[in-house]
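Q: Shown below is the structure under consideration.
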Protein chains: 2
Amino acid sequence: MLNSYSSADKVLLAVDCIIFGFDHEGLKILLIKRDFEPEKGKWSLIGGFLKRDEVLDNAAIRILNTYTGLNDIYMEQLYAYSEIDRDPVERTISVSYYALINIENHNAELIKNYHAQWFSIAEAPHLIFDHNEMVQNAIKRLRYRTSIKPIGFELLPEKFTMRQLLELYEAILSKELDKRNFISKINSLEILNKLEEKDMQSSRKGSYLYTFNKEKYEEKLLNDFVLNL
Amino acid sequence: MLNSYSSADKVLLAVDCIIFGFDHEGLKILLIKRDFEPEKGKWSLIGGFLKRDEVLDNAAIRILNTYTGLNDIYMEQLYAYSEIDRDPVERTISVSYYALINIENHNAELIKNYHAQWFSIAEAPHLIFDHNEMVQNAIKRLRYRTSIKPIGFELLPEKFTMRQLLELYEAILSKELDKRNFISKINSLEILNKLEEKDMQSSRKGSYLYTFNKEKYEEKLLNDFVLNL
DNA sequence: AAATTAAGTGTAAAAACAACATTAATAAGT
DNA sequence: ACTTATTAATGTTGTTTTTACACTTAATTT
């Protein structure tokens with residue numbers, strides 16, 4: 001019985017994570033100052049190497065945890081980048097993953113201890129290797145995702161206002177949306193619970209708070225829909 | 001200067017190609033009888049290993065050519081599969097690619113000499129490893145692609161009838177489409193040239209032949225649209 | 001001449017979408 | 001206490017898009 005494909009070349013396989021967050025300032029990504037050569041000290045996506053006995057999905061989870069302390073983040077695979085010299089040290093193919101997380105829930109302190117930092121999408125620094133390209137592709141995918149799956153559960157605080165949800169969508173799509181049309185389209189998805197409670201921060205009148213209806217939200221995650229905003 | 005990431009594990013990286021074709025019988029995929037162990041003699045996607053100095057896209061092209069003689073086929077990357085034991089011989093991560101080709105143009109003889117064979121999607125045999133899963137995901141992607149890019153140039157003969165185009169879409173989407181609505185939606189894309197010439201095979205009256213308007217078609221390939229069929 | 005076959009063509013009703021402005025609730029200021 | 005300022009909440013209408021649907025035409029075969 002065969003136990004190796006002896007003639008084939010082996011390569012390093014890396015994983016890079018594009019972590020999106022959202023707060024009152026807008027859409028952000030989480031970056032780290034690279035702590036090893038080459039390009040040590042430059043800004044980079046959160047990345048690392050796949051281990052021999054590890055599935056890519058798990059490598060992404062492990063690597064994210066190593067550099068940020070973040071746990072239980074569901075990431076989705078995007079694309080494998082394989083340009084010969086993308087990493088100048090050694091031939092490395094990198095598989096990108098992306099996720100959406102809530103900045104506030106995920107403890108800024110923790111992230112900071114690990115030297116990770118949030119950057120507004122627009123103001124993010126130049127990144128090493130082909131990481132800027134990875135980010136651009138991830139944004140594209142995130143926009144597409146927005147049109148077929150609900151979004152926000154991972155990004156907003158538990159209770160949020162319609163305005164916050166609207167601003168999230170506007171940030172992702174980077175375009176203005178009509179408030180009234182937005183509300184009726186979102187409502188037609190039936191994934192929100194309107195609370196009695198109001199948020200009094202934002203205005204004198206106060207605005208109603210909402211939560212996601214977890215069951216319906218997850219059902220919509222499985223069964224794609226079409227949402228034109 | 002660093003010249004290796006010495007502690008990281010290297011793995012085999014494979015590429016598997018899902019080649020879709022279309023003829024009067026419907027949508028098909030191209031498979032080969034595997035010519036090496038393990039699973040020698042079983043049906044498989046067209047696959048092989050990435051070489052050290054090769055980009056994934058090129059590996060896909062080379063591998064497809066090796067097993068089928070096919071040339072100049074544009075393939076698109078889909079997904080990296082990394083289950084630990086997906087290949088029982090040795091840890092192998094496989095990146096899937098897919099393409100659409102015209103069965104008739106691409107010489108059945110040639111393919112046959114290489115022991116590749118077309119199978120109707122519905123009647124395809126059980127495949128080795130996780131190849132069936134790869135095919136399912138590719139079909140899903142193909143359906144999505146259909147809604148944002150024109151399709152058919154790669155799959156149909158140069159001159160074709162509206163019915164053939166309709167049947168192609170029906171095969172990909174696996175649902176019936178309304179003939180009149182289909183025609184007006186396709187016409188609104190303005191990618192077809194209607195010829196004077198008629199095809200007299202299919203009916204007594206004969207049906208007009210069309211060609212794709214290459215410039216417009218390629219423009220639409222770049223600038224996605226929305227097509228609801 | 002009649003029958004058969006697939007091709008070709010248009011309309012009307014329903015649904016979805018886009019654009020738009022006023023009133024309501026409350027806190028702050030006088 | 002009244003006025004002012006601020007943001008929230010809400011619904012309608014015209015337009016566009018989508019869907020559903022059936023008859024006539026051209027040519028061959030019988």
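Letters A, B, ... mark the chains of the structure tokens in the order given; residue numbers begin at 1 per chain; ligand numbers begin at 1, in order shown.
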Could the residues of chain D that have an atom at most 7 Å from chain B be listed as CSV, each with its closest atom pair and the distance in Å to one decimal, counting only C-alpha atoms (C1' of nucleotides) and ordered by chain and ascending residue number?
A:
```
residue,atom,partner,partner_atom,distance
D:DA26,C1',B:Lys205,CA,4.8
D:DA27,C1',B:Lys205,CA,4.7
D:DT28,C1',B:Arg204,CA,5.5
```
Q: For chain B against chain C, which residues fall within 12 Å using only C-alpha atoms (C1' of nucleotides), given as a PyMOL selection string?
A: chain B and resi 161-163+179-181+183-184+198-209
Q: Excluding stretch 69-73 of chain B and residues on its chain fewer than 4 positions from it, collect all residues at most 8 Å away from it, counting only C-alpha atoms (C1' of nucleotides), and give them as a ChimeraX atom specification.
A: /B:61,64-65,99,101,106,110-111,114
Q: Step one, run DSSP on the backbone; step two, keep only residues of stretch 37-106 of chain B assigned to helix (DSSP H, G or I); then write them as number ranges by chain.
A: B: 56-68
Q: What are the residues of chain B that have an atom within 10 Å of an atom of chain A, counting only C-alpha atoms, as a ChimeraX atom specification?
A: /B:1-14,36-38,48-57,77-85,88-93,95
Q: Near A:Leu45, within 7 Å and counting only C-alpha atoms (C1' of nucleotides), which residues show up once chain neighbours fewer than 5 positions away are dropped, as JSON, numbers by chain?
A: {"A": [16, 17, 18, 31, 32, 131]}
Q: Take the residues just selected and output them with C-alpha atoms as a short mmCIF file (atom, residue, chain, number, x, y, z; two decimals), in the first residue's frame.
A:
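For reference, selection-v5.cif as written:
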```cif
data_model
loop_
_atom_site.label_atom_id
_atom_site.label_comp_id
_atom_site.auth_asym_id
_atom_site.auth_seq_id
_atom_site.Cartn_x
_atom_site.Cartn_y
_atom_site.Cartn_z
CA ASP A 16 -4.68 34.94 6.75
CA CYS A 17 -7.71 36.30 8.57
CA ILE A 18 -9.63 39.38 7.60
CA LEU A 31 -4.56 44.22 12.02
CA ILE A 32 -1.38 43.28 13.82
CA HIS A 131 -2.70 41.51 2.11
#
```
Q: Just to confirm, what's the straight-line distance from atom CA of A:Glu190 to atom CA of A:Lys220 in Å (one decimal)?
A: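 Interatomic distance, atom CA of A:Glu190 to atom CA of A:Lys220: 9.7 Å.
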Q: Which of stretch 30-121 of chain B end up as strand (DSSP E) when DSSP is run on this backbone - answer as a VMD selection string?
A: chain B and resid 30 to 33 43 to 44 46 to 49 76 to 81 92 to 102 116 to 120
Q: What is the atom CA of B:Ala108 to atom CA of B:Glu158 distance in Å?
A: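 We find that atom CA of B:Ala108 and atom CA of B:Glu158 lie 17.0 Å from each other.
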Q: Figure out the distance between atom CA of A:Leu227 and atom CA of A:Asn187, please, to one decimal in Å.
A: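 Between atom CA of A:Asn187 and atom CA of A:Leu227 the gap works out to 11.5 Å.
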